[in-house]
file data_34.txt (compact mmCIF, C-alpha atoms and all ligand atoms)
# COMPACT_ATOMS: atom_id res chain seq x y z
CA MET A 1 20.52 111.56 108.87
CA VAL A 2 22.64 108.52 109.72
CA ALA A 3 21.29 107.67 113.18
CA PRO A 4 17.85 106.42 112.02
CA THR A 5 19.52 104.09 109.50
CA LEU A 6 21.52 102.27 112.17
CA THR A 7 18.67 99.91 113.05
CA GLN A 8 17.68 99.33 109.43
CA PRO A 9 19.37 97.29 106.70
CA LEU A 10 22.60 98.99 105.58
CA PRO A 11 22.07 101.96 103.29
CA ARG A 12 24.47 102.39 100.37
CA GLU A 13 27.05 105.14 100.58
CA ARG A 14 25.43 107.00 97.67
CA ASP A 15 22.04 107.03 99.46
CA VAL A 16 23.50 108.60 102.57
CA ALA A 17 25.51 111.06 100.51
CA ALA A 18 22.35 112.09 98.64
CA ALA A 19 20.52 112.69 101.92
CA VAL A 20 23.00 115.22 103.33
CA ALA A 21 24.22 118.57 102.07
CA PRO A 22 27.28 118.15 99.80
CA SER A 23 29.31 120.44 102.06
CA ILE A 24 28.61 118.24 105.10
CA TRP A 25 29.61 115.12 103.18
CA GLN A 26 32.81 116.86 102.08
CA ASP A 27 33.62 118.04 105.62
CA LEU A 28 32.89 114.81 107.46
CA VAL A 29 33.34 111.97 104.99
CA ALA A 30 35.36 112.97 101.94
CA GLN A 31 38.34 114.85 103.39
CA PRO A 32 40.48 114.29 106.48
CA LEU A 33 38.71 115.73 109.50
CA GLY A 34 41.83 117.72 110.42
CA ARG A 35 41.34 119.84 107.33
CA THR A 36 37.70 120.49 108.14
CA ILE A 37 38.52 121.52 111.69
CA THR A 38 41.35 123.86 110.76
CA GLU A 39 39.23 125.47 108.03
CA ARG A 40 36.31 126.00 110.36
CA PHE A 41 37.81 126.89 113.76
CA ALA A 42 40.67 129.25 114.62
CA ASP A 43 41.20 128.65 118.32
CA ASP A 44 43.64 125.88 119.34
CA THR A 45 41.54 124.75 122.32
CA VAL A 46 38.30 124.65 120.34
CA ARG A 47 40.00 122.78 117.51
CA GLY A 48 41.42 120.23 119.94
CA ILE A 49 38.17 119.66 121.80
CA VAL A 50 36.33 119.03 118.56
CA ALA A 51 39.11 116.72 117.38
CA THR A 52 39.16 114.42 120.41
CA ASP A 53 35.97 112.67 119.35
CA GLY A 54 37.90 111.48 116.29
CA LEU A 55 40.75 110.07 118.35
CA ILE A 56 39.10 107.99 121.07
CA GLY A 57 40.66 104.53 120.70
CA THR A 58 42.02 105.57 117.28
CA PHE A 59 45.77 106.09 116.87
CA VAL A 60 46.10 108.37 113.84
CA SER A 61 46.92 111.96 113.00
CA MET A 62 43.93 114.21 112.31
CA ASP A 63 45.19 114.48 108.72
CA ASP A 64 45.45 110.74 108.17
CA ALA A 65 44.46 109.64 104.68
CA SER A 66 42.80 106.47 106.05
CA LEU A 67 40.00 108.70 107.48
CA ALA A 68 39.83 106.45 110.57
CA GLN A 69 39.55 109.71 112.56
CA ASN A 70 36.47 110.74 110.52
CA ARG A 71 34.75 107.42 111.20
CA CYS A 72 35.54 107.58 114.92
CA PHE A 73 34.18 111.17 115.00
CA LEU A 74 30.96 110.17 113.30
CA TYR A 75 30.33 107.29 115.73
CA HIS A 76 30.94 109.55 118.70
CA LEU A 77 28.57 112.25 117.50
CA MET A 78 25.61 110.42 115.99
CA GLY A 79 24.40 108.62 119.12
CA ASN A 80 20.69 109.13 119.75
CA GLY A 81 20.63 111.35 116.68
CA THR A 82 22.11 114.23 118.68
CA GLY A 83 25.49 112.97 119.85
CA GLU A 84 24.29 113.01 123.43
CA TRP A 85 26.33 110.62 125.59
CA ARG A 86 24.57 108.79 128.35
CA VAL A 87 25.66 106.57 131.21
CA PRO A 88 23.58 103.54 132.18
CA VAL A 89 21.95 104.01 135.59
CA GLY A 90 23.46 101.36 137.87
CA GLY A 91 26.57 100.99 135.70
CA MET A 92 27.30 98.62 132.84
CA GLY A 93 26.55 95.68 135.12
CA ALA A 94 22.93 96.81 135.23
CA VAL A 95 22.79 96.55 131.43
CA THR A 96 24.22 93.04 131.31
CA ASP A 97 22.03 91.95 134.24
CA ALA A 98 18.95 93.19 132.38
CA LEU A 99 20.03 91.34 129.23
CA ALA A 100 20.64 88.15 131.20
CA LYS A 101 17.22 88.46 132.86
CA ALA A 102 15.43 89.01 129.55
CA ALA A 103 17.25 86.05 127.98
CA ALA A 104 16.47 83.76 130.92
CA LEU A 105 12.78 84.82 130.85
CA ALA A 106 12.70 83.96 127.15
CA GLY A 107 13.97 80.46 127.97
CA ALA A 108 17.66 80.84 127.15
CA THR A 109 20.26 78.71 128.88
CA LEU A 110 23.15 80.91 129.98
CA VAL A 111 26.59 79.34 130.33
CA THR A 112 29.21 81.52 132.01
CA GLY A 113 32.83 80.87 132.95
CA ALA A 114 33.18 79.04 129.64
CA GLU A 115 35.92 79.47 127.09
CA VAL A 116 34.91 78.81 123.50
CA THR A 117 37.69 76.70 122.02
CA SER A 118 36.50 76.25 118.42
CA VAL A 119 33.72 76.95 115.96
CA SER A 120 33.30 74.78 112.90
CA THR A 121 30.80 75.26 110.11
CA GLY A 122 28.95 72.71 108.00
CA ALA A 123 26.21 72.59 105.39
CA HIS A 124 23.39 73.34 107.83
CA GLY A 125 24.91 75.42 110.59
CA ALA A 126 27.83 75.51 112.96
CA GLU A 127 29.18 73.70 116.01
CA VAL A 128 30.54 75.65 118.96
CA ARG A 129 32.78 73.85 121.45
CA TRP A 130 33.60 75.29 124.86
CA ARG A 131 35.46 74.41 128.03
CA THR A 132 34.36 74.93 131.61
CA ALA A 133 35.65 73.65 134.97
CA GLU A 134 33.38 70.64 134.40
CA GLY A 135 34.97 69.75 131.08
CA GLU A 136 34.38 70.27 127.39
CA GLN A 137 31.02 70.53 125.67
CA GLY A 138 29.57 71.45 122.32
CA ALA A 139 26.35 72.50 120.64
CA THR A 140 25.20 72.85 117.06
CA ALA A 141 22.96 75.57 115.72
CA ARG A 142 21.76 76.94 112.44
CA HIS A 143 23.17 80.34 113.37
CA VAL A 144 26.00 81.30 115.70
CA LEU A 145 26.00 84.97 116.74
CA SER A 146 29.45 86.02 117.86
CA GLY A 147 30.27 88.89 120.22
CA VAL A 148 34.03 88.33 119.99
CA ALA A 149 36.27 90.37 117.70
CA PRO A 150 36.52 89.30 114.04
CA TRP A 151 40.22 88.50 114.64
CA THR A 152 39.28 86.21 117.54
CA MET A 153 36.46 84.57 115.60
CA ALA A 154 38.68 83.78 112.62
CA GLY A 155 41.08 82.07 115.06
CA LEU A 156 38.27 79.97 116.56
CA LEU A 157 37.22 79.00 113.03
CA GLY A 158 40.84 78.08 112.23
CA ASP A 159 40.62 80.40 109.23
CA GLU A 160 43.99 82.11 108.82
CA ALA A 161 43.22 83.01 105.17
CA THR A 162 40.48 85.52 106.03
CA ARG A 163 41.82 86.51 109.45
CA PRO A 164 42.20 90.30 109.69
CA ALA A 165 45.40 91.83 111.06
CA LYS A 166 45.44 91.76 114.84
CA PRO A 167 44.06 95.06 116.20
CA ALA A 168 46.23 97.20 118.46
CA GLY A 169 44.80 99.47 121.15
CA SER A 170 46.17 102.91 121.97
CA GLN A 171 44.67 104.03 125.26
CA LEU A 172 45.57 104.27 128.93
CA LYS A 173 42.71 103.89 131.37
CA LEU A 174 43.04 104.96 135.00
CA ASN A 175 40.27 104.11 137.43
CA LEU A 176 40.32 105.97 140.73
CA LEU A 177 38.16 105.94 143.84
CA LEU A 178 38.25 109.38 145.48
CA GLU A 179 37.56 110.16 149.14
CA ARG A 180 36.49 113.62 148.01
CA LEU A 181 36.47 115.68 144.85
CA PRO A 182 39.63 117.81 144.39
CA MET A 183 39.58 121.62 144.36
CA LEU A 184 40.35 123.42 141.13
CA ARG A 185 42.87 126.26 140.72
CA SER A 186 40.28 128.15 138.71
CA GLY A 187 37.93 128.08 141.70
CA VAL A 188 35.20 126.39 139.65
CA ASP A 189 32.97 124.12 141.73
CA PRO A 190 34.40 120.57 141.24
CA ARG A 191 30.86 119.18 140.91
CA VAL A 192 30.49 121.37 137.83
CA ALA A 193 34.01 120.83 136.50
CA PHE A 194 33.86 117.03 136.77
CA SER A 195 30.37 116.52 135.42
CA GLY A 196 30.36 115.60 131.74
CA THR A 197 33.80 115.34 130.13
CA MET A 198 36.83 117.28 131.40
CA HIS A 199 39.42 117.59 128.62
CA LEU A 200 43.11 117.63 129.63
CA SER A 201 46.01 118.63 127.37
CA GLU A 202 43.70 118.21 124.40
CA GLY A 203 44.49 121.38 122.50
CA TRP A 204 44.99 120.94 118.75
CA CYS A 205 48.79 121.23 118.96
CA ASP A 206 48.91 119.01 122.08
CA LEU A 207 47.12 116.24 120.18
CA GLN A 208 49.44 116.36 117.18
CA LEU A 209 52.58 116.57 119.31
CA ALA A 210 51.49 113.62 121.46
CA TYR A 211 50.75 111.59 118.32
CA GLU A 212 54.20 112.32 116.89
CA GLU A 213 55.94 111.49 120.19
CA ALA A 214 54.07 108.19 120.51
CA LEU A 215 54.77 107.33 116.88
CA ALA A 216 58.46 107.90 117.58
CA GLY A 217 58.29 105.44 120.47
CA GLU A 218 58.09 107.98 123.32
CA VAL A 219 55.47 108.35 126.02
CA PRO A 220 53.88 111.76 125.27
CA GLN A 221 55.29 114.49 127.53
CA ARG A 222 51.84 116.03 128.14
CA PRO A 223 49.50 113.15 127.36
CA PRO A 224 46.08 114.18 126.08
CA GLY A 225 43.23 112.63 127.97
CA GLU A 226 39.87 113.20 129.55
CA VAL A 227 38.21 112.39 132.84
CA TYR A 228 34.68 111.41 133.69
CA CYS A 229 33.13 111.28 137.16
CA HIS A 230 30.27 108.83 136.67
CA SER A 231 29.23 108.92 140.32
CA LEU A 232 28.23 112.61 140.00
CA THR A 233 25.72 111.60 137.34
CA ASP A 234 24.65 108.33 138.92
CA PRO A 235 25.53 107.86 142.62
CA SER A 236 23.85 104.43 142.55
CA ILE A 237 27.03 102.90 141.09
CA LEU A 238 28.69 103.46 144.48
CA GLU A 239 26.04 101.43 146.32
CA ASP A 240 26.89 101.47 150.08
CA LEU A 241 29.74 103.95 149.62
CA ALA A 242 27.51 106.74 148.25
CA PRO A 243 26.62 108.32 151.63
CA MET A 244 30.36 108.59 152.47
CA GLY A 245 30.87 111.28 149.81
CA VAL A 246 33.31 109.22 147.75
CA HIS A 247 33.43 109.39 143.96
CA THR A 248 34.72 107.38 141.04
CA LEU A 249 36.98 109.16 138.56
CA THR A 250 38.01 107.56 135.34
CA TYR A 251 40.73 108.85 133.01
CA PHE A 252 40.89 107.89 129.34
CA GLY A 253 44.31 108.71 127.86
CA LEU A 254 44.80 109.06 124.10
CA HIS A 255 47.83 108.19 121.97
CA MET A 256 49.20 105.44 124.20
CA PRO A 257 49.84 102.68 121.63
CA GLU A 258 50.37 99.24 123.04
CA GLU A 259 53.90 98.77 121.62
CA LEU A 260 55.13 101.51 124.00
CA PHE A 261 54.29 99.23 126.90
CA THR A 262 55.25 95.80 125.68
CA GLY A 263 58.80 96.38 124.38
CA PRO A 264 62.07 96.45 126.41
CA ASP A 265 61.13 99.85 127.93
CA GLY A 266 57.59 98.69 128.60
CA GLU A 267 57.72 98.67 132.40
CA ALA A 268 59.49 102.05 132.64
CA ASN A 269 57.08 103.53 130.11
CA ARG A 270 54.11 102.31 132.13
CA VAL A 271 55.35 104.16 135.21
CA THR A 272 56.09 107.29 133.16
CA ALA A 273 52.70 107.22 131.44
CA VAL A 274 50.81 107.02 134.73
CA GLN A 275 52.93 109.80 136.26
CA ARG A 276 52.36 112.07 133.27
CA ALA A 277 48.65 111.36 133.16
CA ILE A 278 48.38 112.24 136.85
CA ALA A 279 50.45 115.39 136.24
CA SER A 280 48.05 116.44 133.47
CA ILE A 281 45.15 116.24 135.93
CA ASP A 282 47.17 118.00 138.65
CA GLU A 283 47.87 120.96 136.32
CA HIS A 284 44.33 122.14 137.08
CA LEU A 285 44.13 121.35 140.81
CA THR A 286 45.20 123.17 143.97
CA GLY A 287 46.95 119.97 145.14
CA SER A 288 47.53 116.52 143.67
CA ILE A 289 44.68 114.22 142.74
CA LEU A 290 46.62 111.50 144.58
CA ASP A 291 45.85 113.28 147.89
CA CYS A 292 42.15 112.64 147.22
CA VAL A 293 42.47 108.96 146.26
CA ALA A 294 41.00 106.57 148.83
CA LEU A 295 43.17 103.89 150.46
CA ASP A 296 42.18 100.23 150.47
CA ALA A 297 42.36 97.82 153.42
CA ASP A 298 46.12 97.39 152.80
CA ASP A 299 46.67 101.17 152.74
CA LYS A 300 47.23 101.06 148.98
CA LEU A 301 45.89 103.79 146.69
CA CYS A 302 42.59 102.82 145.02
CA LEU A 303 44.03 103.52 141.59
CA GLU A 304 44.27 101.01 138.78
CA ALA A 305 46.03 101.57 135.47
CA LYS A 306 45.00 99.54 132.44
CA PHE A 307 47.16 99.51 129.32
CA PRO A 308 46.01 97.86 126.08
CA HIS A 309 47.63 94.52 126.90
CA ASP A 310 45.93 94.51 130.34
CA VAL A 311 42.58 94.95 128.58
CA GLU A 312 43.49 92.05 126.30
CA ALA A 313 44.58 89.85 129.22
CA GLU A 314 41.48 90.56 131.29
CA LEU A 315 38.74 90.97 128.69
CA ALA A 316 40.10 89.10 125.65
CA MET A 317 39.70 92.18 123.44
CA PRO A 318 42.50 91.50 120.94
CA GLY A 319 45.37 93.98 121.26
CA GLY A 320 43.25 95.81 123.84
CA HIS A 321 41.54 97.65 120.94
CA ILE A 322 38.40 99.15 122.41
CA PHE A 323 36.32 98.64 119.24
CA HIS A 324 37.69 95.15 118.35
CA GLY A 325 39.38 96.85 115.36
CA ASP A 326 39.16 100.21 113.59
CA LEU A 327 35.63 101.40 112.88
CA ASP A 328 33.91 101.01 109.50
CA TRP A 329 31.63 103.59 107.90
CA PRO A 330 28.06 102.85 109.03
CA TRP A 331 26.92 102.23 105.45
CA ALA A 332 27.79 99.81 102.65
CA PRO A 333 30.15 100.73 99.83
CA ASN A 334 28.22 101.34 96.60
CA ARG A 335 29.43 98.10 95.04
CA ALA A 336 29.16 95.88 98.11
CA LYS A 337 27.43 92.55 97.65
CA LEU A 338 24.28 92.69 99.78
CA GLU A 339 22.66 89.38 98.90
CA THR A 340 22.17 87.59 102.21
CA PRO A 341 20.31 88.95 105.25
CA ALA A 342 23.65 89.02 107.13
CA GLU A 343 25.23 91.13 104.38
CA ARG A 344 22.22 93.44 104.26
CA TRP A 345 22.39 93.99 108.04
CA GLY A 346 26.18 94.43 108.17
CA VAL A 347 26.79 91.36 110.36
CA ALA A 348 28.22 88.90 107.84
CA THR A 349 31.35 86.77 108.18
CA PRO A 350 32.82 84.56 105.44
CA TYR A 351 30.52 81.81 106.83
CA ASP A 352 26.74 81.88 106.33
CA ALA A 353 26.08 80.28 109.72
CA VAL A 354 28.26 82.70 111.70
CA LEU A 355 27.13 86.29 112.27
CA MET A 356 28.86 89.16 114.08
CA CYS A 357 26.73 90.57 116.86
CA GLY A 358 29.20 92.76 118.77
CA SER A 359 31.65 95.57 118.23
CA GLY A 360 33.07 93.80 115.16
CA ALA A 361 29.81 94.13 113.20
CA ARG A 362 29.89 96.93 110.61
CA ARG A 363 27.93 99.29 112.83
CA GLY A 364 28.77 97.61 116.13
CA GLY A 365 31.53 99.79 117.59
CA ALA A 366 31.20 100.66 121.27
CA VAL A 367 28.33 100.17 123.70
CA SER A 368 25.42 100.62 121.35
CA GLY A 369 23.79 97.21 121.13
CA LEU A 370 23.55 97.76 117.37
CA GLY A 371 25.55 94.68 116.47
CA GLY A 372 23.18 92.48 118.48
CA HIS A 373 20.05 94.16 117.20
CA ASN A 374 21.16 93.86 113.60
CA ALA A 375 22.34 90.25 113.90
CA ALA A 376 18.96 89.35 115.42
CA GLN A 377 17.18 91.05 112.52
CA ALA A 378 19.31 89.12 110.04
CA VAL A 379 18.40 85.81 111.71
CA LEU A 380 14.69 86.72 111.71
CA GLU A 381 14.91 87.60 108.03
CA ALA A 382 16.68 84.31 107.23
CA ARG A 383 13.98 82.15 108.84
C1 LIG A 401 39.09 101.33 128.45
C2 LIG A 401 37.85 101.29 127.59
C3 LIG A 401 36.97 102.36 127.59
C4 LIG A 401 35.84 102.35 126.77
N1 LIG A 401 34.96 103.40 126.83
C5 LIG A 401 33.81 103.35 126.14
C6 LIG A 401 32.82 104.36 126.29
O1 LIG A 401 32.98 105.31 127.05
N2 LIG A 401 31.68 104.26 125.56
C7 LIG A 401 31.47 103.22 124.71
O2 LIG A 401 30.41 103.16 124.07
N3 LIG A 401 32.38 102.23 124.55
C8 LIG A 401 33.53 102.26 125.26
N4 LIG A 401 34.45 101.27 125.13
C9 LIG A 401 34.23 100.25 124.09
C10 LIG A 401 33.29 99.15 124.54
O3 LIG A 401 33.66 98.66 125.81
C11 LIG A 401 33.30 98.00 123.55
O4 LIG A 401 33.10 98.49 122.24
C12 LIG A 401 32.21 97.01 123.91
O5 LIG A 401 32.50 96.40 125.14
C13 LIG A 401 32.07 95.96 122.85
O6 LIG A 401 31.09 95.05 123.27
P1 LIG A 401 31.03 93.59 122.69
O7 LIG A 401 29.96 92.88 123.42
O8 LIG A 401 31.01 93.65 121.22
O9 LIG A 401 32.45 92.95 123.05
P2 LIG A 401 33.16 92.71 124.45
O10 LIG A 401 32.65 93.66 125.48
O11 LIG A 401 34.63 92.67 124.15
O12 LIG A 401 32.64 91.27 124.83
C14 LIG A 401 33.15 90.11 124.20
C15 LIG A 401 33.20 89.05 125.26
O13 LIG A 401 33.64 87.83 124.69
C16 LIG A 401 34.53 87.21 125.60
N5 LIG A 401 35.37 86.25 124.86
C17 LIG A 401 36.41 86.49 124.01
N6 LIG A 401 36.93 85.35 123.57
C18 LIG A 401 36.19 84.34 124.13
C19 LIG A 401 36.24 82.90 124.05
N7 LIG A 401 37.13 82.26 123.30
N8 LIG A 401 35.34 82.20 124.78
C20 LIG A 401 34.41 82.83 125.55
N9 LIG A 401 34.33 84.18 125.66
C21 LIG A 401 35.21 84.92 124.96
C22 LIG A 401 35.31 88.35 126.19
O14 LIG A 401 35.92 87.98 127.40
C23 LIG A 401 34.19 89.38 126.38
O15 LIG A 401 33.55 89.22 127.60
C24 LIG A 401 35.59 101.24 125.94
C25 LIG A 401 36.45 100.14 125.96
C26 LIG A 401 37.58 100.16 126.77
C27 LIG A 401 38.51 98.97 126.79
call {"tool": "encode", "arguments": {"input": "data_34.txt", "output": "structure tokens"}}
result
Amino acid sequence: MVAPTLTQPLPRERDVAAAVAPSIWQDLVAQPLGRTITERFADDTVRGIVATDGLIGTFVSMDDASLAQNRCFLYHLMGNGTGEWRVPVGGMGAVTDALAKAAALAGATLVTGAEVTSVSTGAHGAEVRWRTAEGEQGATARHVLSGVAPWTMAGLLGDEATRPAKPAGSQLKLNLLLERLPMLRSGVDPRVAFSGTMHLSEGWCDLQLAYEEALAGEVPQRPPGEVYCHSLTDPSILEDLAPMGVHTLTYFGLHMPEELFTGPDGEANRVTAVQRAIASIDEHLTGSILDCVALDADDKLCLEAKFPHDVEAELAMPGGHIFHGDLDWPWAPNRAKLETPAERWGVATPYDAVLMCGSGARRGGAVSGLGGHNAAQAVLEAR
């Protein structure tokens, strides 16, 4: 019911509620998802596997009163109207290349390697100033569509009064290049086991224990996480390496809040977290995954570990939060003011000339393109 509304002006909460069975609304929106899952499923593994979609990039207990876990769950399951996850053929670079090509064909001027240093608004639009190796420049426009996080944008606008709290990420990402796929203790064909999502230490009790350990300032003993082998689905991402039988493996670890890795024990915790994540993969293998990792030209393992502050340093996602901040419900509260096109499309900021077009838009979380689509619609409507 929700998916078709995502590319339309925001529905009101009451309209969505009226369109679904009251029991579904109660289970998914009104009460903590943890309660729904424990009422509905008995098995610890099944409960945990259902729950993980509520905890990707979201550091809460499944019973949290904020319902952040319910919102995260909804976003993960409503894609394409079925919850089907897809990977872009050619990798994410193919998506951005296609966008760049379409923009250039439409006459856009693309400026890369530029750091926006300020945005200021006036009666008829906004001025963006940026810095490149060649120096500083600026441009004015009636509308500025921003793909940076709301926290970042408020900083560029110099608006501390409306600046949201800085987001904080909670994930560990490991990227590995494998010479070969590992063998599983169960004897299952690794090409079957590693296609789709492989869940590790993500039983119901594992998830809650890991949350409590992390909350208490400890790296979880058995960190919950999941691995994806994108090259099994789309070998084209390997380009010249594909015929050599190598594979990419990527691990997404839950409940790894950034403060574990930035405090006095940060460095030691980083080492521990990587070791424990590897151990959680190894639990299911005949040997260690490290024996399958390719070596680079300097004989170093092709394994990179990215903690939230690495994501912030490299990608400027504040706090390394993967959604630029916790997700909102994909509808407007019943009493929300929906007067301007930007408000109606869920892309408004406190400034008429500045619109959110990325993950920070109301329905923008993750790689959906919805923030951009909806900001474009708001601009068209405002013309
Ligand atoms: C480890 C990890 C795993 C993820 N896994 C998934 C997944 O499996 N599926 C999924 O859908 N989503 C996933 N996400 C989330 C997804 O990557 C983001 O939601 C998405 O990238 C948001 O896109 P965006 O264009 O809104 O923002 P971003 O991709 O953050 O782009 C904003 C851009 O603005 C730039 N920028 C910031 N400040 C400035 C400035 N002052 N001047 C100039 N440029 C600036 C940044 O460098 C960045 O390039 C993941 C994220 C992470 C970190």
call {"tool": "closest_atom_pairs", "arguments": {"input": "data_34.txt", "of": "stretch 310-370 of chain A", "to": "stretch 16-32 of chain A", "cutoff": "10 Å", "atoms": "all atoms listed in the file", "output": "Markdown table"}}
result
| residue | atom | partner | partner_atom | distance |
| --- | --- | --- | --- | --- |
| A:Trp329 | CA | A:Val29 | CA | 9.0 |
| A:Pro330 | CA | A:Val16 | CA | 9.8 |
| A:Trp331 | CA | A:Val16 | CA | 7.8 |
| A:Ala332 | CA | A:Val16 | CA | 9.8 |
call {"tool": "axis_aligned_box", "arguments": {"input": "data_34.txt", "around": "ligand LIG 401 (chain A)", "padding_each_side": "3 Å", "output": "lines of an AutoDock Vina configuration file"}}
result
center_x = 34.5
center_y = 93.8
center_z = 124.8
size_x = 15.1
size_y = 29.1
size_z = 13.2
call {"tool": "residues_near_ligand", "arguments": {"input": "data_34.txt", "ligand": "ligand LIG 401 (chain A)", "cutoff": "7 Å", "atoms": "only C-alpha atoms and all ligand atoms", "output": "PyMOL selection string"}}
result
chain A and resi 114-117+147-148+152+171+173+252+311+315-317+320-324+357-360+364-368
call {"tool": "atom_distance", "arguments": {"input": "data_34.txt", "atom1": "atom CA of A:Gly196", "atom2": "atom CA of A:Val46"}}
result
16.6 Å
call {"tool": "atom_distance", "arguments": {"input": "data_34.txt", "atom1": "atom CA of A:Asp265", "atom2": "atom CA of A:Glu218"}}
result
9.8 Å
call {"tool": "residues_around", "arguments": {"input": "data_34.txt", "residues": "stretch 76-85 of chain A", "least_positions_apart": "3", "cutoff": "12 Å", "atoms": "only C-alpha atoms", "output": "count of residues only"}}
result
37
call {"tool": "closest_residue", "arguments": {"input": "data_34.txt", "among": "A:Tyr211, A:Tyr351, A:Phe261, A:Tyr251", "to": "A:Val60", "atoms": "only C-alpha atoms"}}
result
A:Tyr211
call {"tool": "atom_distance", "arguments": {"input": "data_34.txt", "atom1": "atom CA of A:Ala123", "atom2": "atom CA of A:Pro164"}}
result
24.2 Å
call {"tool": "closest_residue", "arguments": {"input": "data_34.txt", "among": "A:Leu301, A:Leu285, A:Leu232, A:Val246", "to": "A:Val87", "atoms": "only C-alpha atoms"}}
result
A:Leu232
call {"tool": "closest_atom_pairs", "arguments": {"input": "data_34.txt", "of": "stretch 129-207 of chain A", "to": "stretch 304-309 of chain A", "cutoff": "9 Å", "atoms": "only C-alpha atoms", "output": "tab-separated table"}}
result
residue	atom	partner	partner_atom	distance
A:Ala168	CA	A:Pro308	CA	7.7
A:Gly169	CA	A:Pro308	CA	5.3
A:Ser170	CA	A:Pro308	CA	6.5
A:Gln171	CA	A:Pro308	CA	6.4
A:Leu172	CA	A:Phe307	CA	5.0
A:Lys173	CA	A:Lys306	CA	5.0
A:Leu174	CA	A:Ala305	CA	4.5
A:Asn175	CA	A:Glu304	CA	5.2
A:Leu176	CA	A:Glu304	CA	6.6
call {"tool": "closest_residue", "arguments": {"input": "data_34.txt", "among": "A:Gly372, A:Pro243, A:Pro9, A:Gly48", "to": "A:Pro224", "atoms": "all atoms listed in the file"}}
result
A:Gly48
call {"tool": "closest_residue", "arguments": {"input": "data_34.txt", "among": "A:Gly217, A:Gly245, A:Gly135, A:Gly346", "to": "A:Glu259", "atoms": "all atoms listed in the file"}}
result
A:Gly217
call {"tool": "closest_residue", "arguments": {"input": "data_34.txt", "among": "A:Ala353, A:Leu200, A:Ala193, A:Ala375", "to": "A:Val119", "atoms": "only C-alpha atoms"}}
result
A:Ala353
call {"tool": "residues_around", "arguments": {"input": "data_34.txt", "residues": "A:Asp352", "least_positions_apart": "5", "cutoff": "9 Å", "atoms": "all atoms listed in the file", "output": "PyMOL selection string"}}
result
chain A and resi 121+125+143+340+342
call {"tool": "closest_residue", "arguments": {"input": "data_34.txt", "among": "A:Leu254, A:Ala133, A:Ala376, A:Ile289", "to": "A:Gly113", "atoms": "all atoms listed in the file"}}
result
A:Ala133
call {"tool": "decode", "arguments": {"input": "data_34.txt", "residues": "stretch 18-29 of chain A", "atoms": "N, CA and C atoms", "output": "PDB file, in the first residue's frame"}}
result
ATOM      1  N   ALA A  18      -5.908   4.153   6.957  1.00  0.00           N
ATOM      2  CA  ALA A  18      -7.230   3.712   6.490  1.00  0.00           C
ATOM      3  C   ALA A  18      -7.110   2.700   5.360  1.00  0.00           C
ATOM      4  N   ALA A  19      -5.977   2.713   4.667  1.00  0.00           N
ATOM      5  CA  ALA A  19      -5.827   1.837   3.498  1.00  0.00           C
ATOM      6  C   ALA A  19      -5.325   0.441   3.862  1.00  0.00           C
ATOM      7  N   VAL A  20      -4.875   0.247   5.091  1.00  0.00           N
ATOM      8  CA  VAL A  20      -4.375  -1.084   5.468  1.00  0.00           C
ATOM      9  C   VAL A  20      -5.246  -1.663   6.587  1.00  0.00           C
ATOM     10  N   ALA A  21      -5.165  -2.981   6.715  1.00  0.00           N
ATOM     11  CA  ALA A  21      -5.945  -3.634   7.781  1.00  0.00           C
ATOM     12  C   ALA A  21      -5.463  -3.114   9.135  1.00  0.00           C
ATOM     13  N   PRO A  22      -6.402  -2.868  10.068  1.00  0.00           N
ATOM     14  CA  PRO A  22      -5.996  -2.356  11.386  1.00  0.00           C
ATOM     15  C   PRO A  22      -4.943  -3.227  12.067  1.00  0.00           C
ATOM     16  N   SER A  23      -5.000  -4.538  11.853  1.00  0.00           N
ATOM     17  CA  SER A  23      -4.028  -5.410  12.528  1.00  0.00           C
ATOM     18  C   SER A  23      -2.622  -5.189  11.961  1.00  0.00           C
ATOM     19  N   ILE A  24      -2.543  -4.896  10.667  1.00  0.00           N
ATOM     20  CA  ILE A  24      -1.219  -4.648  10.057  1.00  0.00           C
ATOM     21  C   ILE A  24      -0.655  -3.335  10.582  1.00  0.00           C
ATOM     22  N   TRP A  25      -1.512  -2.332  10.667  1.00  0.00           N
ATOM     23  CA  TRP A  25      -1.076  -1.032  11.202  1.00  0.00           C
ATOM     24  C   TRP A  25      -0.558  -1.213  12.637  1.00  0.00           C
ATOM     25  N   GLN A  26      -1.317  -1.964  13.425  1.00  0.00           N
ATOM     26  CA  GLN A  26      -0.925  -2.205  14.814  1.00  0.00           C
ATOM     27  C   GLN A  26       0.431  -2.910  14.860  1.00  0.00           C
ATOM     28  N   ASP A  27       0.592  -3.950  14.049  1.00  0.00           N
ATOM     29  CA  ASP A  27       1.820  -4.757  14.080  1.00  0.00           C
ATOM     30  C   ASP A  27       3.042  -3.982  13.603  1.00  0.00           C
ATOM     31  N   LEU A  28       2.876  -3.167  12.569  1.00  0.00           N
ATOM     32  CA  LEU A  28       4.055  -2.560  11.936  1.00  0.00           C
ATOM     33  C   LEU A  28       4.292  -1.117  12.335  1.00  0.00           C
ATOM     34  N   VAL A  29       3.242  -0.406  12.708  1.00  0.00           N
ATOM     35  CA  VAL A  29       3.388   1.037  12.922  1.00  0.00           C
ATOM     36  C   VAL A  29       3.110   1.460  14.371  1.00  0.00           C
TER      37      VAL A  29
END
